file query38.txt (compact mmCIF, C-alpha atoms)
# COMPACT_ATOMS: atom_id res chain seq x y z
CA MET I 1 106.22 127.46 116.62
CA MET I 2 103.35 129.25 118.34
CA GLU I 3 104.35 132.67 119.61
CA SER I 4 102.81 134.03 122.78
CA SER I 5 102.88 137.43 124.49
CA VAL I 6 104.47 136.08 127.66
CA PHE I 7 107.94 137.29 126.72
CA ASP I 8 106.70 140.84 126.18
CA ARG I 9 105.91 141.23 129.86
CA ARG I 10 107.96 143.82 131.72
CA SER I 11 105.93 144.24 134.89
CA SER I 12 103.66 142.06 136.97
CA GLY I 13 101.53 142.43 140.08
CA GLU I 14 102.62 138.96 141.18
CA ALA I 15 105.47 138.67 143.68
CA GLU I 16 108.77 137.65 142.11
CA ILE I 17 110.61 134.52 143.16
CA SER I 18 114.32 133.78 143.29
CA PRO I 19 116.14 133.02 140.00
CA ARG I 20 116.94 129.53 141.26
CA LEU I 21 113.30 128.76 142.08
CA TYR I 22 112.18 130.37 138.81
CA ASN I 23 114.44 128.11 136.74
CA LEU I 24 113.46 125.11 138.87
CA VAL I 25 109.77 125.71 138.14
CA ILE I 26 110.53 125.95 134.41
CA GLY I 27 112.36 122.62 134.61
CA VAL I 28 109.62 120.90 136.61
CA VAL I 29 106.87 122.10 134.26
CA LEU I 30 108.88 120.93 131.25
CA CYS I 31 109.48 117.53 132.84
CA TRP I 32 105.76 117.24 133.60
CA GLY I 33 104.94 117.74 129.93
CA PHE I 34 107.55 115.21 128.81
CA TRP I 35 106.32 112.69 131.41
CA VAL I 36 102.72 113.08 130.23
CA ASN I 37 103.86 112.50 126.64
CA TRP I 38 105.86 109.43 127.71
CA MET I 39 102.83 107.98 129.49
CA MET I 40 100.60 108.66 126.49
CA VAL I 41 103.00 106.86 124.18
CA GLY I 42 103.13 103.89 126.56
CA THR I 43 99.38 103.58 127.19
CA ILE I 44 97.56 104.76 124.04
CA PRO I 45 97.79 102.33 121.09
CA ALA I 46 98.88 104.17 117.95
CA GLU I 47 96.48 101.99 115.94
CA SER I 48 93.49 103.50 117.74
CA LEU I 49 94.67 107.01 116.80
CA ARG I 50 95.03 106.03 113.16
CA GLU I 51 91.38 105.00 113.11
CA ILE I 52 90.30 108.58 113.85
CA SER I 53 89.35 110.67 110.82
CA PRO I 54 92.38 112.84 109.88
CA TRP I 55 90.17 115.93 109.63
CA ILE I 56 88.68 115.39 113.08
CA PHE I 57 92.11 114.60 114.52
CA PHE I 58 93.83 117.72 113.19
CA ILE I 59 90.92 120.05 113.88
CA GLY I 60 90.94 118.82 117.49
CA TYR I 61 94.73 119.10 117.60
CA PHE I 62 94.85 122.72 116.45
CA ALA I 63 91.81 123.74 118.51
CA SER I 64 93.36 122.35 121.69
CA CYS I 65 96.79 123.84 120.98
CA PHE I 66 95.50 127.31 120.16
CA PHE I 67 93.19 127.28 123.18
CA GLY I 68 96.08 126.23 125.41
CA VAL I 69 98.38 128.93 124.01
CA TYR I 70 95.63 131.49 124.55
CA LEU I 71 95.21 130.44 128.18
CA PHE I 72 98.85 130.47 129.19
CA SER I 73 99.74 133.60 127.24
CA LYS I 74 96.83 135.73 128.48
CA SER I 75 96.50 134.55 132.07
CA ASP I 76 98.56 135.84 134.98
CA ASN I 77 97.35 133.00 137.19
CA PRO I 78 99.88 130.11 137.31
CA ILE I 79 97.12 127.52 137.78
CA VAL I 80 95.23 128.72 134.69
CA SER I 81 98.49 128.89 132.75
CA PHE I 82 99.33 125.32 133.79
CA ILE I 83 95.91 124.16 132.58
CA GLY I 84 96.57 125.90 129.26
CA TYR I 85 99.97 124.21 129.10
CA ASN I 86 98.32 120.82 129.39
CA PHE I 87 95.94 121.68 126.55
CA VAL I 88 99.12 121.93 124.45
CA VAL I 89 100.90 118.92 125.93
CA VAL I 90 98.09 116.42 125.28
CA PRO I 91 97.62 117.00 121.52
CA PHE I 92 101.39 117.08 121.06
CA GLY I 93 101.49 113.76 122.89
CA LEU I 94 99.10 112.25 120.35
CA ILE I 95 101.32 113.42 117.49
CA ILE I 96 104.40 112.06 119.23
CA ASN I 97 102.61 108.75 119.72
CA LEU I 98 101.87 108.44 116.02
CA VAL I 99 105.41 109.39 115.04
CA VAL I 100 107.45 107.26 117.46
CA SER I 101 105.34 104.17 116.72
CA ARG I 102 107.07 104.07 113.32
CA TYR I 103 110.57 103.82 114.77
CA ASP I 104 112.65 101.39 116.80
CA PRO I 105 112.43 102.19 120.55
CA ASN I 106 116.22 102.33 120.82
CA LEU I 107 116.31 104.97 118.09
CA VAL I 108 113.68 106.98 119.93
CA VAL I 109 115.76 106.90 123.11
CA GLU I 110 118.82 108.08 121.18
CA ALA I 111 116.80 110.91 119.66
CA ILE I 112 115.64 111.92 123.15
CA LYS I 113 119.25 112.00 124.38
CA ILE I 114 120.41 114.11 121.44
CA THR I 115 117.48 116.48 121.86
CA GLY I 116 118.32 116.88 125.54
CA LEU I 117 121.97 117.65 124.83
CA VAL I 118 121.12 120.12 122.09
CA THR I 119 118.53 121.81 124.31
CA VAL I 120 120.97 122.26 127.20
CA GLY I 121 123.57 123.61 124.80
CA MET I 122 121.18 126.13 123.24
CA MET I 123 119.96 127.23 126.68
CA ALA I 124 123.56 127.88 127.70
CA LEU I 125 124.11 129.93 124.54
CA GLY I 126 120.84 131.77 125.12
CA THR I 127 122.06 132.70 128.61
CA LEU I 128 125.46 133.87 127.36
CA TYR I 129 124.36 135.66 124.19
CA PRO I 130 120.74 136.82 124.58
CA ALA I 131 121.35 139.90 122.42
CA PHE I 132 122.50 137.74 119.49
CA PHE I 133 119.40 135.57 119.60
CA ALA I 134 117.22 138.65 119.89
CA ARG I 135 118.78 140.00 116.69
CA ILE I 136 118.06 136.83 114.72
CA ALA I 137 114.48 136.43 115.99
CA GLY I 138 112.95 138.03 112.90
CA ALA I 139 115.06 135.88 110.59
CA LEU I 140 114.00 132.75 112.49
CA THR I 141 110.33 133.61 112.05
CA ILE I 142 110.69 134.30 108.34
CA ALA I 143 112.74 131.14 107.83
CA LEU I 144 110.16 129.02 109.66
CA ILE I 145 107.29 130.39 107.58
CA VAL I 146 109.21 129.78 104.35
CA VAL I 147 110.14 126.23 105.35
CA ILE I 148 106.55 125.41 106.32
CA LEU I 149 105.22 126.72 102.99
CA VAL I 150 107.86 124.83 101.01
CA GLU I 151 107.20 121.65 102.94
CA LEU I 152 103.43 121.89 102.43
CA PHE I 153 103.95 122.53 98.71
CA GLN I 154 106.24 119.52 98.39
CA ILE I 155 103.91 117.21 100.29
CA PHE I 156 100.52 118.20 98.85
CA VAL I 157 101.52 119.30 95.34
CA LEU I 158 104.70 117.43 94.45
CA GLY I 159 104.13 114.43 96.71
CA ILE I 160 107.72 114.45 97.98
CA HIS I 161 109.64 115.43 101.10
CA GLN I 162 113.27 116.47 100.88
CA GLY I 163 115.57 115.77 103.79
CA TRP I 164 117.12 119.23 103.91
CA LEU I 165 113.85 120.60 105.24
CA ASP I 166 114.25 118.58 108.44
CA TRP I 167 117.76 119.97 108.94
CA ALA I 168 116.44 123.48 108.35
CA VAL I 169 113.71 123.01 110.95
CA VAL I 170 116.26 121.65 113.44
CA ALA I 171 118.43 124.73 112.94
CA ILE I 172 115.44 127.06 113.30
CA PHE I 173 114.19 125.49 116.53
CA CYS I 174 117.71 125.43 117.97
CA GLY I 175 117.65 129.18 117.44
CA TYR I 176 114.21 129.45 119.01
CA ILE I 177 115.31 127.56 122.13
CA GLY I 178 118.22 129.94 122.64
CA TYR I 179 115.96 132.90 121.92
CA ASP I 180 113.10 131.84 124.17
CA TRP I 181 115.40 130.82 127.03
CA GLY I 182 117.22 134.14 126.85
CA ARG I 183 113.93 136.03 126.91
CA ALA I 184 112.55 133.86 129.71
CA ASN I 185 115.28 135.18 131.99
CA GLN I 186 114.66 138.80 131.05
CA ILE I 187 111.02 139.02 132.12
CA PRO I 188 109.85 139.31 135.76
CA LYS I 189 110.65 136.08 137.59
CA THR I 190 107.18 135.17 138.79
CA LEU I 191 105.57 131.77 139.19
CA ASP I 192 103.17 132.42 136.31
CA ASN I 193 105.93 133.58 133.98
CA ALA I 194 107.90 130.43 134.80
CA VAL I 195 104.96 128.27 133.73
CA ASP I 196 104.40 130.33 130.59
CA SER I 197 108.09 130.24 129.65
CA ALA I 198 108.16 126.48 130.11
CA ALA I 199 105.13 126.13 127.84
CA ALA I 200 106.80 128.11 125.06
CA LEU I 201 110.06 126.17 125.44
CA TYR I 202 108.15 122.86 125.44
CA ILE I 203 106.79 123.62 121.97
CA ASP I 204 110.30 124.38 120.71
CA ILE I 205 111.83 121.25 122.21
CA ILE I 206 109.15 118.85 120.99
CA ASN I 207 109.38 120.19 117.45
CA LEU I 208 113.16 119.79 117.64
CA PHE I 209 112.81 116.19 118.88
CA LEU I 210 110.39 115.17 116.12
CA ARG I 211 112.75 116.44 113.42
CA ILE I 212 115.82 114.86 114.97
CA LEU I 213 113.96 111.55 115.15
CA ARG I 214 113.00 111.81 111.49
CA ILE I 215 116.60 112.54 110.48
CA MET I 216 117.94 109.63 112.53
CA GLY I 217 115.20 107.36 111.19
CA ARG I 218 116.30 107.94 107.61
CA LYS I 219 119.80 106.79 108.48
call {"tool": "encode", "arguments": {"input": "query38.txt", "output": "structure tokens"}}
result
Amino acid sequence: MMESSVFDRRSSGEAEISPRLYNLVIGVVLCWGFWVNWMMVGTIPAESLREISPWIFFIGYFASCFFGVYLFSKSDNPIVSFIGYNFVVVPFGLIINLVVSRYDPNLVVEAIKITGLVTVGMMALGTLYPAFFARIAGALTIALIVVILVELFQIFVLGIHQGWLDWAVVAIFCGYIGYDWGRANQIPKTLDNAVDSAAALYIDIINLFLRILRIMGRK
């Protein structure tokens, strides 16, 4: 999860749009990111990605992601924010490509459906109970940091990966979706904020999908 300052905004010089249009823009931007990822999976052979040096791959991945987050979190121009969003979408698409290539396509589709249902459910809860998700935000951050450290220790030191970590990450990102969606509707409803909110939610949803796919793949 990459936190941005977008949700801290309380005023903006940009004209506000209607709540319906604001939510529509969030949905369209999210769908654009998912469509780009879908096209990347369908057109880029996973074998060609595996031939890239892991160090070069991950340095490029993190550099692109952090640059994209910087753009959409600092800019108040929706076009610049959308460009930053795509700097996040593309490297995530490469990771998704590598991951889904290991699984049966039917399983991937099922994981997409489950992720969609969970996302809609958490957005509804985030709309109904924004105060609750705001209260657990600190706990979510601490839990995510702990889980990441434990997972890295298990992988690089112990050489194992325990399944409960995937369930923990799923629970954490479910919380983040509710939290980020609730906050997205509390900031000024401008075109730029809609793009920025979609970018933050995209990161939550993709992380949720990857963990759900891993859990389903084990079964």
call {"tool": "closest_atom_pairs", "arguments": {"input": "query38.txt", "of": "range 166-194 of chain I", "to": "range 125-149 of chain I", "cutoff": "9 Å", "atoms": "all atoms listed in the file", "output": "tab-separated table"}}
result
residue	atom	partner	partner_atom	distance
I:Ala168	CA	I:Val147	CA	7.5
I:Val169	CA	I:Leu144	CA	7.1
I:Ile172	CA	I:Leu140	CA	5.9
I:Phe173	CA	I:Leu140	CA	8.3
I:Gly175	CA	I:Phe133	CA	7.0
I:Tyr176	CA	I:Leu140	CA	7.3
I:Ile177	CA	I:Gly126	CA	7.6
I:Gly178	CA	I:Gly126	CA	4.0
I:Tyr179	CA	I:Phe133	CA	4.9
I:Asp180	CA	I:Gly126	CA	7.8
I:Trp181	CA	I:Gly126	CA	5.8
I:Gly182	CA	I:Gly126	CA	4.7
I:Arg183	CA	I:Pro130	CA	7.2
I:Asn185	CA	I:Thr127	CA	8.0
call {"tool": "closest_residue", "arguments": {"input": "query38.txt", "among": "I:Phe92, I:Trp38, I:Asp76, I:Ile114", "to": "Phe58 in chain I", "atoms": "only C-alpha atoms"}}
result
I:Phe92
call {"tool": "closest_residue", "arguments": {"input": "query38.txt", "among": "I:Ala63, I:Leu165, I:Ala46, I:Ile26", "to": "Arg214 in chain I", "atoms": "all atoms listed in the file"}}
result
I:Leu165
call {"tool": "closest_residue", "arguments": {"input": "query38.txt", "among": "I:Ala194, I:Met123, I:Met40, I:Ala199", "to": "Ser18 in chain I", "atoms": "all atoms listed in the file"}}
result
I:Ala194
call {"tool": "closest_residue", "arguments": {"input": "query38.txt", "among": "I:Leu152, I:Ala171, I:Val36, I:Val120", "to": "Phe87 in chain I", "atoms": "all atoms listed in the file"}}
result
I:Val36
call {"tool": "closest_residue", "arguments": {"input": "query38.txt", "among": "I:Asn37, I:Ser81, I:Glu47, I:Leu117", "to": "Leu94 in chain I", "atoms": "only C-alpha atoms"}}
result
I:Asn37
call {"tool": "atom_distance", "arguments": {"input": "query38.txt", "atom1": "CA of Phe62 in chain I", "atom2": "CA of Ile96 in chain I"}}
result
14.6 Å
call {"tool": "closest_residue", "arguments": {"input": "query38.txt", "among": "I:Glu110, I:Phe156, I:Val170, I:Leu191", "to": "Met216 in chain I", "atoms": "only C-alpha atoms"}}
result
I:Glu110
call {"tool": "residues_around", "arguments": {"input": "query38.txt", "residues": "Phe72 in chain I", "least_positions_apart": "2", "cutoff": "6 Å", "atoms": "all atoms listed in the file", "output": "PyMOL selection string"}}
result
chain I and resi 69-70+74-75+81+84+196
call {"tool": "residues_around", "arguments": {"input": "query38.txt", "residues": "Ile205 in chain I", "least_positions_apart": "2", "cutoff": "9 Å", "atoms": "all atoms listed in the file", "output": "list of chain:residue names"}}
result
I:Thr115, I:Gly116, I:Thr119, I:Phe173, I:Cys174, I:Ile177, I:Ala200, I:Leu201, I:Tyr202, I:Ile203, I:Asn207, I:Leu208, I:Phe209, I:Leu210
call {"tool": "decode", "arguments": {"input": "query38.txt", "residues": "range 193-206 of chain I", "atoms": "N, CA and C atoms", "output": "PDB file, in the first residue's frame"}}
result
ATOM      1  N   ASN I 193      -9.235  15.195  -7.938  1.00  0.00           N
ATOM      2  CA  ASN I 193      -9.362  14.333  -6.771  1.00  0.00           C
ATOM      3  C   ASN I 193      -9.989  12.987  -7.129  1.00  0.00           C
ATOM      4  N   ALA I 194     -10.869  12.980  -8.125  1.00  0.00           N
ATOM      5  CA  ALA I 194     -11.455  11.718  -8.576  1.00  0.00           C
ATOM      6  C   ALA I 194     -10.381  10.813  -9.171  1.00  0.00           C
ATOM      7  N   VAL I 195      -9.501  11.394  -9.987  1.00  0.00           N
ATOM      8  CA  VAL I 195      -8.407  10.613 -10.576  1.00  0.00           C
ATOM      9  C   VAL I 195      -7.466  10.107  -9.485  1.00  0.00           C
ATOM     10  N   ASP I 196      -7.125  10.985  -8.548  1.00  0.00           N
ATOM     11  CA  ASP I 196      -6.212  10.597  -7.473  1.00  0.00           C
ATOM     12  C   ASP I 196      -6.810   9.519  -6.579  1.00  0.00           C
ATOM     13  N   SER I 197      -8.102   9.637  -6.278  1.00  0.00           N
ATOM     14  CA  SER I 197      -8.767   8.638  -5.442  1.00  0.00           C
ATOM     15  C   SER I 197      -8.805   7.288  -6.145  1.00  0.00           C
ATOM     16  N   ALA I 198      -9.071   7.311  -7.454  1.00  0.00           N
ATOM     17  CA  ALA I 198      -9.074   6.070  -8.220  1.00  0.00           C
ATOM     18  C   ALA I 198      -7.698   5.415  -8.209  1.00  0.00           C
ATOM     19  N   ALA I 199      -6.651   6.226  -8.299  1.00  0.00           N
ATOM     20  CA  ALA I 199      -5.294   5.677  -8.291  1.00  0.00           C
ATOM     21  C   ALA I 199      -4.992   4.972  -6.976  1.00  0.00           C
ATOM     22  N   ALA I 200      -5.389   5.597  -5.849  1.00  0.00           N
ATOM     23  CA  ALA I 200      -5.151   4.974  -4.551  1.00  0.00           C
ATOM     24  C   ALA I 200      -5.968   3.693  -4.405  1.00  0.00           C
ATOM     25  N   LEU I 201      -7.222   3.721  -4.847  1.00  0.00           N
ATOM     26  CA  LEU I 201      -8.071   2.535  -4.761  1.00  0.00           C
ATOM     27  C   LEU I 201      -7.563   1.420  -5.676  1.00  0.00           C
ATOM     28  N   TYR I 202      -7.021   1.788  -6.831  1.00  0.00           N
ATOM     29  CA  TYR I 202      -6.472   0.795  -7.759  1.00  0.00           C
ATOM     30  C   TYR I 202      -5.383  -0.037  -7.073  1.00  0.00           C
ATOM     31  N   ILE I 203      -4.505   0.630  -6.339  1.00  0.00           N
ATOM     32  CA  ILE I 203      -3.420  -0.079  -5.656  1.00  0.00           C
ATOM     33  C   ILE I 203      -3.992  -1.062  -4.640  1.00  0.00           C
ATOM     34  N   ASP I 204      -5.014  -0.633  -3.899  1.00  0.00           N
ATOM     35  CA  ASP I 204      -5.657  -1.520  -2.928  1.00  0.00           C
ATOM     36  C   ASP I 204      -6.260  -2.741  -3.608  1.00  0.00           C
ATOM     37  N   ILE I 205      -7.007  -2.497  -4.679  1.00  0.00           N
ATOM     38  CA  ILE I 205      -7.752  -3.576  -5.335  1.00  0.00           C
ATOM     39  C   ILE I 205      -6.821  -4.586  -5.989  1.00  0.00           C
ATOM     40  N   ILE I 206      -5.761  -4.114  -6.637  1.00  0.00           N
ATOM     41  CA  ILE I 206      -4.836  -5.040  -7.285  1.00  0.00           C
ATOM     42  C   ILE I 206      -4.121  -5.905  -6.255  1.00  0.00           C
TER      43      ILE I 206
END
